[in-house]
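Listing of input21.cif; format and content: mmCIF, C-alpha atoms.
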data_target
#
loop_
_atom_site.label_atom_id
_atom_site.label_comp_id
_atom_site.auth_asym_id
_atom_site.auth_seq_id
_atom_site.Cartn_x
_atom_site.Cartn_y
_atom_site.Cartn_z
CA MET J 131 0.00 0.00 0.00
CA LEU J 132 0.99 3.66 -0.29
CA ALA J 133 1.67 5.70 2.86
CA VAL J 134 3.08 9.06 3.91
CA HIS J 135 6.69 8.54 5.01
CA PHE J 136 9.79 10.42 6.16
CA ASP J 137 13.29 9.04 6.67
CA LYS J 138 14.53 11.59 9.19
CA PRO J 139 12.96 14.33 11.33
CA GLY J 140 12.75 17.78 9.79
CA GLY J 141 10.61 20.03 7.63
CA PRO J 142 7.73 19.22 5.27
CA GLU J 143 10.23 18.70 2.45
CA ASN J 144 11.18 15.38 4.09
CA LEU J 145 7.75 13.89 3.46
CA TYR J 146 7.11 11.59 0.51
CA ILE J 147 4.83 8.74 -0.56
CA LYS J 148 6.29 5.27 -0.10
CA GLU J 149 5.08 1.75 -0.79
CA VAL J 150 4.94 -0.18 2.52
CA PRO J 151 3.45 -3.52 3.61
CA LYS J 152 -0.33 -3.56 4.11
CA PRO J 153 -1.14 -4.35 7.77
CA SER J 154 -3.25 -7.34 8.84
CA PRO J 155 -5.92 -6.98 11.54
CA GLY J 156 -5.15 -8.65 14.87
CA GLU J 157 -7.51 -9.92 17.56
CA GLY J 158 -10.57 -7.67 17.78
CA GLU J 159 -9.29 -5.37 15.02
CA VAL J 160 -10.76 -4.20 11.73
CA LEU J 161 -8.83 -3.37 8.56
CA LEU J 162 -10.00 -0.01 7.26
CA LYS J 163 -9.57 0.96 3.62
CA VAL J 164 -8.85 4.66 4.08
CA ALA J 165 -10.67 7.22 1.93
CA ALA J 166 -9.45 10.29 3.83
CA SER J 167 -7.37 11.27 6.83
CA ALA J 168 -6.77 14.69 8.36
CA LEU J 169 -3.83 16.68 9.67
CA ASN J 170 -3.29 17.36 13.36
CA ARG J 171 -0.58 19.31 15.17
CA GLY J 172 0.63 15.93 16.43
CA ASP J 173 1.54 14.99 12.85
CA LEU J 174 3.73 18.08 12.52
CA LEU J 175 5.41 17.40 15.84
CA GLN J 176 6.03 13.74 14.96
CA ARG J 177 7.57 14.78 11.64
CA GLN J 178 9.87 17.12 13.59
CA GLY J 179 10.93 14.27 15.90
CA LYS J 180 9.16 15.76 18.95
CA TYR J 181 6.13 13.47 19.37
CA PRO J 182 6.80 9.77 18.83
CA PRO J 183 3.87 7.35 18.50
CA PRO J 184 2.90 5.38 21.62
CA PRO J 185 4.50 1.92 22.04
CA GLY J 186 3.01 -0.57 19.59
CA ALA J 187 1.37 2.08 17.39
CA SER J 188 2.09 2.57 13.69
CA ASN J 189 4.87 5.07 12.96
CA ILE J 190 2.92 6.30 9.92
CA LEU J 191 1.35 9.75 10.45
CA GLY J 192 -2.41 10.16 10.84
CA LEU J 193 -4.49 10.23 14.04
CA GLU J 194 -7.89 9.82 12.39
CA ALA J 195 -9.39 8.45 9.19
CA SER J 196 -12.59 7.66 7.35
CA GLY J 197 -13.25 4.89 4.87
CA ARG J 198 -14.84 1.45 4.61
CA VAL J 199 -14.36 -1.78 6.51
CA SER J 200 -12.20 -4.03 4.34
CA GLU J 201 -11.53 -7.02 6.60
CA LEU J 202 -12.49 -8.30 10.05
CA GLY J 203 -9.83 -9.73 12.32
CA PRO J 204 -10.34 -12.76 14.60
CA GLY J 205 -12.53 -12.21 17.63
CA CYS J 206 -14.52 -9.26 16.30
CA GLN J 207 -17.88 -9.00 18.06
CA GLY J 208 -20.06 -8.49 15.00
CA HIS J 209 -20.64 -4.73 15.34
CA TRP J 210 -19.25 -4.09 11.87
CA LYS J 211 -19.44 -5.77 8.48
CA ILE J 212 -17.30 -5.53 5.36
CA GLY J 213 -18.19 -2.43 3.33
CA ASP J 214 -19.52 -0.37 6.25
CA PRO J 215 -18.61 3.34 5.97
CA VAL J 216 -16.88 4.34 9.22
CA MET J 217 -14.54 6.84 10.85
CA ALA J 218 -11.83 5.98 13.33
CA LEU J 219 -9.72 7.39 16.17
CA LEU J 220 -6.10 6.26 15.72
CA PRO J 221 -2.78 6.43 17.59
CA GLY J 222 -1.15 6.64 14.13
CA GLY J 223 -1.29 5.10 10.66
CA GLY J 224 -4.17 7.06 9.13
CA GLN J 225 -2.24 8.61 6.23
CA ALA J 226 -2.02 5.36 4.30
CA GLN J 227 -4.34 3.33 2.07
CA TYR J 228 -5.09 0.85 4.88
CA VAL J 229 -4.94 0.96 8.68
CA THR J 230 -5.89 -1.49 11.42
CA VAL J 231 -8.25 -0.26 14.14
CA PRO J 232 -9.61 -1.84 17.34
CA GLU J 233 -13.31 -2.28 16.59
CA GLY J 234 -14.24 -0.20 19.65
CA LEU J 235 -12.54 2.88 18.14
CA LEU J 236 -14.76 2.92 15.04
CA MET J 237 -17.82 5.14 14.68
CA ASN J 238 -20.65 5.25 12.17
CA ILE J 239 -20.54 8.20 9.79
CA PRO J 240 -23.49 10.50 10.55
CA LYS J 241 -26.17 10.65 7.89
CA GLY J 242 -25.57 13.36 5.29
CA LEU J 243 -21.81 13.72 5.88
CA THR J 244 -19.19 12.98 3.23
CA LEU J 245 -16.10 10.83 3.87
CA HIS J 246 -14.01 14.03 3.83
CA GLN J 247 -16.19 15.60 6.51
CA ALA J 248 -16.11 12.38 8.54
CA ALA J 249 -12.29 12.34 8.49
CA ALA J 250 -12.43 15.75 10.21
CA ILE J 251 -14.32 14.44 13.25
CA PRO J 252 -12.59 11.76 15.36
CA GLU J 253 -9.42 13.27 16.85
CA VAL J 254 -10.56 16.86 17.30
CA TRP J 255 -14.18 16.32 18.30
CA LEU J 256 -13.25 13.58 20.77
CA THR J 257 -10.54 15.89 22.14
CA ALA J 258 -12.95 18.81 22.54
CA PHE J 259 -15.60 16.56 24.10
CA GLN J 260 -13.06 15.10 26.53
CA LEU J 261 -11.74 18.55 27.53
CA LEU J 262 -15.15 20.09 28.09
CA HIS J 263 -17.05 17.23 29.71
CA LEU J 264 -14.78 14.52 31.10
CA LEU J 265 -12.10 16.90 32.39
CA GLY J 266 -13.70 20.35 32.51
CA ASP J 267 -17.14 19.31 33.77
CA VAL J 268 -18.68 22.22 31.87
CA GLN J 269 -22.04 23.39 33.20
CA ALA J 270 -24.87 25.36 31.62
CA GLY J 271 -24.41 29.09 32.14
CA GLU J 272 -20.64 28.91 32.60
CA THR J 273 -18.22 30.90 30.44
CA VAL J 274 -15.51 29.05 28.49
CA LEU J 275 -12.41 30.69 26.96
CA ILE J 276 -11.18 28.71 23.94
CA HIS J 277 -7.71 29.57 22.66
CA ALA J 278 -7.05 29.05 18.93
CA GLY J 279 -10.79 29.34 18.41
CA ALA J 280 -10.56 28.85 14.64
CA SER J 281 -8.43 25.70 14.90
CA ALA J 282 -10.08 22.34 14.35
CA VAL J 283 -10.39 21.66 18.10
CA GLY J 284 -11.52 25.25 18.58
CA THR J 285 -14.34 25.04 16.02
CA ALA J 286 -15.53 21.80 17.66
CA ALA J 287 -15.27 23.22 21.18
CA ILE J 288 -17.32 26.31 20.30
CA GLN J 289 -20.21 24.15 19.09
CA LEU J 290 -20.02 21.70 22.00
CA THR J 291 -19.89 24.57 24.50
CA ARG J 292 -23.06 26.05 23.00
CA MET J 293 -24.71 22.63 23.03
CA ALA J 294 -23.92 22.34 26.76
CA GLY J 295 -25.67 25.66 27.41
CA ALA J 296 -22.40 27.43 28.25
CA ILE J 297 -20.96 30.62 26.72
CA PRO J 298 -17.92 30.28 24.40
CA LEU J 299 -15.34 33.07 24.08
CA VAL J 300 -12.38 32.66 21.72
CA THR J 301 -8.96 34.02 20.87
CA ALA J 302 -7.57 34.00 17.33
CA GLY J 303 -5.00 35.91 15.27
CA SER J 304 -7.10 37.46 12.48
CA GLN J 305 -10.46 39.07 11.88
CA HIS J 306 -11.36 36.34 9.39
CA LYS J 307 -10.81 33.65 12.04
CA LEU J 308 -12.81 35.57 14.64
CA GLN J 309 -15.71 35.99 12.21
CA MET J 310 -15.74 32.26 11.51
CA ALA J 311 -15.72 31.50 15.23
CA GLU J 312 -18.63 33.85 15.81
CA LYS J 313 -20.60 32.22 12.96
CA LEU J 314 -20.17 28.91 14.78
CA GLY J 315 -21.55 30.38 17.99
CA ALA J 316 -18.78 32.22 19.85
CA ALA J 317 -20.30 34.98 21.99
CA ALA J 318 -17.17 37.13 21.53
CA GLY J 319 -13.72 36.85 20.01
CA PHE J 320 -10.44 38.60 20.81
CA ASN J 321 -7.52 39.11 18.43
CA TYR J 322 -4.50 38.29 20.59
CA LYS J 323 -2.24 40.23 18.19
CA GLU J 324 -4.15 43.47 18.72
CA GLN J 325 -5.51 43.38 22.27
CA ASP J 326 -4.99 41.87 25.71
CA PHE J 327 -7.41 38.92 25.64
CA SER J 328 -7.30 38.72 29.43
CA GLU J 329 -8.57 42.27 29.94
CA ALA J 330 -11.16 41.81 27.17
CA THR J 331 -12.37 38.61 28.81
CA LEU J 332 -12.69 40.29 32.20
CA LYS J 333 -14.63 43.12 30.58
CA PHE J 334 -17.02 40.67 28.89
CA THR J 335 -17.59 38.78 32.15
CA LYS J 336 -17.97 42.02 34.15
CA GLY J 337 -14.89 41.20 36.19
CA ALA J 338 -15.92 37.67 37.16
CA GLY J 339 -13.58 35.84 34.79
CA VAL J 340 -14.14 32.58 32.93
CA ASN J 341 -15.01 29.27 34.56
CA LEU J 342 -13.07 27.14 32.09
CA ILE J 343 -10.08 27.73 29.79
CA LEU J 344 -9.11 25.36 26.96
CA ASP J 345 -5.44 26.12 26.31
CA CYS J 346 -3.24 24.69 23.55
CA ILE J 347 -0.69 27.51 23.81
CA GLY J 348 1.06 27.04 27.15
CA GLY J 349 3.79 29.11 28.82
CA SER J 350 3.43 32.40 27.00
CA TYR J 351 -0.24 32.67 28.09
CA TRP J 352 0.03 31.59 31.73
CA GLU J 353 -0.20 35.02 33.34
CA LYS J 354 -3.12 36.23 31.23
CA ASN J 355 -4.90 32.90 31.74
CA VAL J 356 -4.67 33.11 35.53
CA ASN J 357 -5.64 36.78 35.44
CA CYS J 358 -8.95 36.10 33.65
CA LEU J 359 -9.74 32.79 35.40
CA ALA J 360 -12.72 32.93 37.76
CA VAL J 361 -12.42 31.87 41.38
CA ASP J 362 -12.59 28.04 41.45
CA GLY J 363 -12.05 28.03 37.67
CA ARG J 364 -10.54 25.16 35.67
CA TRP J 365 -7.66 25.70 33.25
CA ILE J 366 -7.04 22.74 30.93
CA LEU J 367 -3.71 22.58 29.12
CA TYR J 368 -3.70 20.22 26.11
CA GLY J 369 -0.91 21.62 23.90
CA LEU J 370 2.23 23.75 23.87
CA MET J 371 2.09 25.81 20.68
CA GLY J 372 3.61 28.69 22.65
CA GLU J 373 6.48 28.49 25.11
CA GLU J 374 7.09 25.39 27.21
CA ASP J 375 8.64 27.26 30.16
CA VAL J 376 6.96 29.41 32.80
CA SER J 377 8.74 32.22 34.61
CA GLY J 378 6.93 33.90 37.47
CA PRO J 379 4.58 33.27 40.41
CA LEU J 380 2.20 30.89 38.64
CA PHE J 381 1.40 28.77 41.69
CA SER J 382 0.70 31.63 44.09
CA LYS J 383 -1.60 33.37 41.60
CA LEU J 384 -3.41 30.13 40.80
CA LEU J 385 -3.69 29.26 44.49
CA SER J 386 -5.19 32.66 45.31
CA LYS J 387 -8.06 31.84 42.94
CA ARG J 388 -8.36 28.22 44.09
CA GLY J 389 -7.89 27.43 40.41
CA SER J 390 -7.33 23.96 38.98
CA LEU J 391 -4.67 23.33 36.33
CA ILE J 392 -5.42 20.10 34.45
CA THR J 393 -3.25 18.67 31.68
CA SER J 394 -4.35 16.20 29.04
CA LEU J 395 -3.29 14.34 25.92
CA LEU J 396 -5.47 11.88 24.00
CA ARG J 397 -3.02 9.98 21.82
CA ASN J 398 -1.18 8.19 24.62
CA ARG J 399 -4.32 7.16 26.55
CA ASP J 400 -4.90 3.41 26.79
CA LYS J 401 -7.34 1.49 24.59
CA LYS J 402 -9.89 1.02 27.38
CA TYR J 403 -10.12 4.77 28.00
CA LYS J 404 -10.39 5.55 24.29
CA GLN J 405 -13.13 2.96 23.82
CA MET J 406 -15.07 4.50 26.73
CA LEU J 407 -14.61 7.96 25.18
CA VAL J 408 -15.74 6.80 21.73
CA LYS J 409 -18.78 4.99 23.20
CA THR J 410 -19.85 8.03 25.25
CA PHE J 411 -19.32 10.41 22.32
CA THR J 412 -21.23 8.08 19.98
CA GLU J 413 -24.20 7.98 22.35
CA GLN J 414 -24.30 11.62 23.44
CA ILE J 415 -22.90 13.69 20.56
CA LEU J 416 -22.82 11.79 17.26
CA PRO J 417 -26.61 11.97 16.64
CA HIS J 418 -26.35 15.78 16.61
CA PHE J 419 -24.28 15.74 13.40
CA SER J 420 -27.29 14.49 11.48
CA LYS J 421 -28.95 17.27 9.50
CA GLU J 422 -32.29 16.20 10.98
CA GLY J 423 -30.97 16.75 14.50
CA PRO J 424 -32.38 19.48 16.77
CA GLN J 425 -29.02 21.25 17.09
CA PRO J 426 -26.88 20.11 14.15
CA LEU J 427 -23.12 20.05 14.63
CA LEU J 428 -20.75 20.79 11.75
CA PRO J 429 -17.21 19.54 11.14
CA VAL J 430 -15.39 22.49 9.57
CA VAL J 431 -13.19 21.52 6.61
CA ASP J 432 -10.81 24.22 5.38
CA ARG J 433 -9.05 22.41 2.53
CA VAL J 434 -8.70 18.95 0.99
CA TYR J 435 -5.27 17.97 -0.33
CA PRO J 436 -4.50 14.83 -2.34
CA VAL J 437 -1.94 12.77 -0.42
CA SER J 438 0.54 13.48 -3.22
CA GLU J 439 0.56 17.11 -1.94
CA ILE J 440 1.23 16.20 1.70
CA GLN J 441 4.19 18.62 1.87
CA ALA J 442 1.93 21.53 0.91
CA ALA J 443 -0.67 20.44 3.49
CA HIS J 444 1.95 20.52 6.27
CA GLU J 445 3.22 23.92 5.12
CA TYR J 446 -0.33 25.32 5.15
CA MET J 447 -0.90 24.16 8.75
CA GLU J 448 2.53 25.35 9.92
CA ALA J 449 1.67 28.83 8.60
CA ASN J 450 -1.47 28.79 10.82
CA ARG J 451 -3.62 29.62 7.82
CA ASN J 452 -6.34 27.02 8.30
CA VAL J 453 -9.78 27.56 9.79
CA GLY J 454 -10.92 24.12 10.86
CA LYS J 455 -9.53 20.89 9.40
CA ILE J 456 -7.06 20.11 6.65
CA VAL J 457 -8.16 16.83 5.09
CA VAL J 458 -5.90 14.46 3.13
CA ASP J 459 -7.50 12.43 0.33
CA LEU J 460 -6.13 8.90 -0.23
CA PRO J 461 -6.11 7.18 -3.66
CA GLN J 462 -8.76 4.44 -4.01
#
What would the structure in this file look like if it were written as structure tokens?
Amino acid sequence: MLAVHFDKPGGPENLYIKEVPKPSPGEGEVLLKVAASALNRGDLLQRQGKYPPPPGASNILGLEASGRVSELGPGCQGHWKIGDPVMALLPGGGQAQYVTVPEGLLMNIPKGLTLHQAAAIPEVWLTAFQLLHLLGDVQAGETVLIHAGASAVGTAAIQLTRMAGAIPLVTAGSQHKLQMAEKLGAAAGFNYKEQDFSEATLKFTKGAGVNLILDCIGGSYWEKNVNCLAVDGRWILYGLMGEEDVSGPLFSKLLSKRGSLITSLLRNRDKKYKQMLVKTFTEQILPHFSKEGPQPLLPVVDRVYPVSEIQAAHEYMEANRNVGKIVVDLPQ
């Protein structure tokens, strides 16, 4: 089969398409014939040598995919049959023509969505759902500050925050991104290049601060985050797009607000946790993607690249130009 490959860590120019052995499904696994995958920041970091796959996972890039069931491994429980259109959460391997998936990490594709749209759901929507509900315990009426509001996780988090009856605020680096976030339901957006998002957030909340912060930036935002966090607020760190280091009285400021700092990654969670997450998401959220649903959710796709243009796809994401997902189309 064909797969995205790189021989040594570095820039997008190191990526190329290589013929590699097709995997075989193991116990309780399904072989997925991939129609589309999608880019995540984890793919860029892995290409740079900074984010290796978990032990036992494929070293091929790709943390999510959509396609059709091609083969059932031994011990499958009968949930899926050959030919079923599905989407999958992966620890790696999605940017190839075939990938093996534990059957509990597959999801039906919501009615009315294309395979490209479906490829834009698993990693980011499960991440946003996990951050808001399993870790953040978001409640109706609370205010949530979502950094990188026009990113794929951001666009999902805005919609899930609204669905929970909470109030989403976002930061982004351009007027175009802020407008897109507001179309998706953000109550307000702040351009971090032009204003102090912390002061703007405090003004919006009439000095109370936000109850929950979803932060993929890290060190460079710590002081502003603590400043605009409400008393007893929760600050969830799930990425380090900014600085890794913190300099200053973080703990004393956080302690004075009785704030909680929670960190999370999804990729290195164990299979049991991921299966629980997929099952809960499938039951509670997936029906809302259907166009007939009472509050339809929308995976936001910015661009679709053929896998032959994988270098350009990485360059586009590295330039922070995307609003929502960058999808990679695999040859059939």
ask   = Can you list what the PyMOL selection byres ((chain J and resi 251) around 12) grabs from this structure, as number ranges by chain?
value = J: 166-170, 193-196, 216-220, 236-240, 243-250, 252-259, 282-283, 285-287, 408, 411-412, 415-416, 419, 427-431, 454-457
Keeping only C-alpha atoms, take the residues you just selected and write them out as a tab-separated table (two decimals), in the coordinates of the input.
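After the write, again_8.tsv holds the following:
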chain	number	residue	atom	x	y	z
J	166	ALA	CA	-9.45	10.29	3.83
J	167	SER	CA	-7.37	11.27	6.83
J	168	ALA	CA	-6.77	14.69	8.36
J	169	LEU	CA	-3.83	16.68	9.67
J	170	ASN	CA	-3.29	17.36	13.36
J	193	LEU	CA	-4.49	10.23	14.04
J	194	GLU	CA	-7.89	9.82	12.39
J	195	ALA	CA	-9.39	8.45	9.19
J	196	SER	CA	-12.59	7.66	7.35
J	216	VAL	CA	-16.88	4.34	9.22
J	217	MET	CA	-14.54	6.84	10.85
J	218	ALA	CA	-11.83	5.98	13.33
J	219	LEU	CA	-9.72	7.39	16.17
J	220	LEU	CA	-6.10	6.26	15.72
J	236	LEU	CA	-14.76	2.92	15.04
J	237	MET	CA	-17.82	5.14	14.68
J	238	ASN	CA	-20.65	5.25	12.17
J	239	ILE	CA	-20.54	8.20	9.79
J	240	PRO	CA	-23.49	10.50	10.55
J	243	LEU	CA	-21.81	13.72	5.88
J	244	THR	CA	-19.19	12.98	3.23
J	245	LEU	CA	-16.10	10.83	3.87
J	246	HIS	CA	-14.01	14.03	3.83
J	247	GLN	CA	-16.19	15.60	6.51
J	248	ALA	CA	-16.11	12.38	8.54
J	249	ALA	CA	-12.29	12.34	8.49
J	250	ALA	CA	-12.43	15.75	10.21
J	252	PRO	CA	-12.59	11.76	15.36
J	253	GLU	CA	-9.42	13.27	16.85
J	254	VAL	CA	-10.56	16.86	17.30
J	255	TRP	CA	-14.18	16.32	18.30
J	256	LEU	CA	-13.25	13.58	20.77
J	257	THR	CA	-10.54	15.89	22.14
J	258	ALA	CA	-12.95	18.81	22.54
J	259	PHE	CA	-15.60	16.56	24.10
J	282	ALA	CA	-10.08	22.34	14.35
J	283	VAL	CA	-10.39	21.66	18.10
J	285	THR	CA	-14.34	25.04	16.02
J	286	ALA	CA	-15.53	21.80	17.66
J	287	ALA	CA	-15.27	23.22	21.18
J	408	VAL	CA	-15.74	6.80	21.73
J	411	PHE	CA	-19.32	10.41	22.32
J	412	THR	CA	-21.23	8.08	19.98
J	415	ILE	CA	-22.90	13.69	20.56
J	416	LEU	CA	-22.82	11.79	17.26
J	419	PHE	CA	-24.28	15.74	13.40
J	427	LEU	CA	-23.12	20.05	14.63
J	428	LEU	CA	-20.75	20.79	11.75
J	429	PRO	CA	-17.21	19.54	11.14
J	430	VAL	CA	-15.39	22.49	9.57
J	431	VAL	CA	-13.19	21.52	6.61
J	454	GLY	CA	-10.92	24.12	10.86
J	455	LYS	CA	-9.53	20.89	9.40
J	456	ILE	CA	-7.06	20.11	6.65
J	457	VAL	CA	-8.16	16.83	5.09
Excluding Ile343 (chain J) and residues on its chain fewer than 2 positions from it, collect all residues at most 12 Å away from it, counting all atoms listed in the file, and give them as an mmCIF file with C-alpha atoms, in the frame of the given file.
data_model
loop_
_atom_site.group_PDB
_atom_site.id
_atom_site.type_symbol
_atom_site.label_atom_id
_atom_site.label_comp_id
_atom_site.auth_asym_id
_atom_site.auth_seq_id
_atom_site.Cartn_x
_atom_site.Cartn_y
_atom_site.Cartn_z
ATOM 1 C CA ALA J 258 -12.950 18.810 22.540
ATOM 2 C CA LEU J 261 -11.740 18.550 27.530
ATOM 3 C CA LEU J 262 -15.150 20.090 28.090
ATOM 4 C CA LEU J 265 -12.100 16.900 32.390
ATOM 5 C CA GLY J 266 -13.700 20.350 32.510
ATOM 6 C CA ASP J 267 -17.140 19.310 33.770
ATOM 7 C CA VAL J 268 -18.680 22.220 31.870
ATOM 8 C CA GLU J 272 -20.640 28.910 32.600
ATOM 9 C CA THR J 273 -18.220 30.900 30.440
ATOM 10 C CA VAL J 274 -15.510 29.050 28.490
ATOM 11 C CA LEU J 275 -12.410 30.690 26.960
ATOM 12 C CA ILE J 276 -11.180 28.710 23.940
ATOM 13 C CA HIS J 277 -7.710 29.570 22.660
ATOM 14 C CA ALA J 278 -7.050 29.050 18.930
ATOM 15 C CA GLY J 279 -10.790 29.340 18.410
ATOM 16 C CA GLY J 284 -11.520 25.250 18.580
ATOM 17 C CA ALA J 287 -15.270 23.220 21.180
ATOM 18 C CA THR J 291 -19.890 24.570 24.500
ATOM 19 C CA ILE J 297 -20.960 30.620 26.720
ATOM 20 C CA PRO J 298 -17.920 30.280 24.400
ATOM 21 C CA LEU J 299 -15.340 33.070 24.080
ATOM 22 C CA VAL J 300 -12.380 32.660 21.720
ATOM 23 C CA THR J 301 -8.960 34.020 20.870
ATOM 24 C CA SER J 328 -7.300 38.720 29.430
ATOM 25 C CA THR J 331 -12.370 38.610 28.810
ATOM 26 C CA GLY J 339 -13.580 35.840 34.790
ATOM 27 C CA VAL J 340 -14.140 32.580 32.930
ATOM 28 C CA ASN J 341 -15.010 29.270 34.560
ATOM 29 C CA ASP J 345 -5.440 26.120 26.310
ATOM 30 C CA CYS J 346 -3.240 24.690 23.550
ATOM 31 C CA ILE J 347 -0.690 27.510 23.810
ATOM 32 C CA GLY J 348 1.060 27.040 27.150
ATOM 33 C CA TYR J 351 -0.240 32.670 28.090
ATOM 34 C CA TRP J 352 0.030 31.590 31.730
ATOM 35 C CA LYS J 354 -3.120 36.230 31.230
ATOM 36 C CA ASN J 355 -4.900 32.900 31.740
ATOM 37 C CA VAL J 356 -4.670 33.110 35.530
ATOM 38 C CA ASN J 357 -5.640 36.780 35.440
ATOM 39 C CA CYS J 358 -8.950 36.100 33.650
ATOM 40 C CA LEU J 359 -9.740 32.790 35.400
ATOM 41 C CA ALA J 360 -12.720 32.930 37.760
ATOM 42 C CA ASP J 362 -12.590 28.040 41.450
ATOM 43 C CA GLY J 363 -12.050 28.030 37.670
ATOM 44 C CA ARG J 364 -10.540 25.160 35.670
ATOM 45 C CA TRP J 365 -7.660 25.700 33.250
ATOM 46 C CA ILE J 366 -7.040 22.740 30.930
ATOM 47 C CA LEU J 367 -3.710 22.580 29.120
ATOM 48 C CA TYR J 368 -3.700 20.220 26.110
ATOM 49 C CA GLY J 389 -7.890 27.430 40.410
ATOM 50 C CA SER J 390 -7.330 23.960 38.980
ATOM 51 C CA LEU J 391 -4.670 23.330 36.330
ATOM 52 C CA ILE J 392 -5.420 20.100 34.450
ATOM 53 C CA THR J 393 -3.250 18.670 31.680
#
inquiry  = Taking (-0.4, 16.3, 27.0) in the coordinates of the supplied file, I want to know which residues reach to within 9 Å of it, counting only C-alpha atoms; could you give the answer as a count of residues only?
reply    = 10
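Minimum atom-to-atom distance to Asn450 (chain J), evaluated using only C-alpha atoms, belongs to J:Ser304 out of J:Gly186, J:Gly315, J:Ser304, J:Arg399.
You will find CA of Gly303 (chain J) at 22.0 Å from CA of Asp375 (chain J).
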request  = Take CA of Gly205 (chain J) and CA of Val160 (chain J) and report the distance between them in Å, one decimal.
outcome  = 10.1 Å
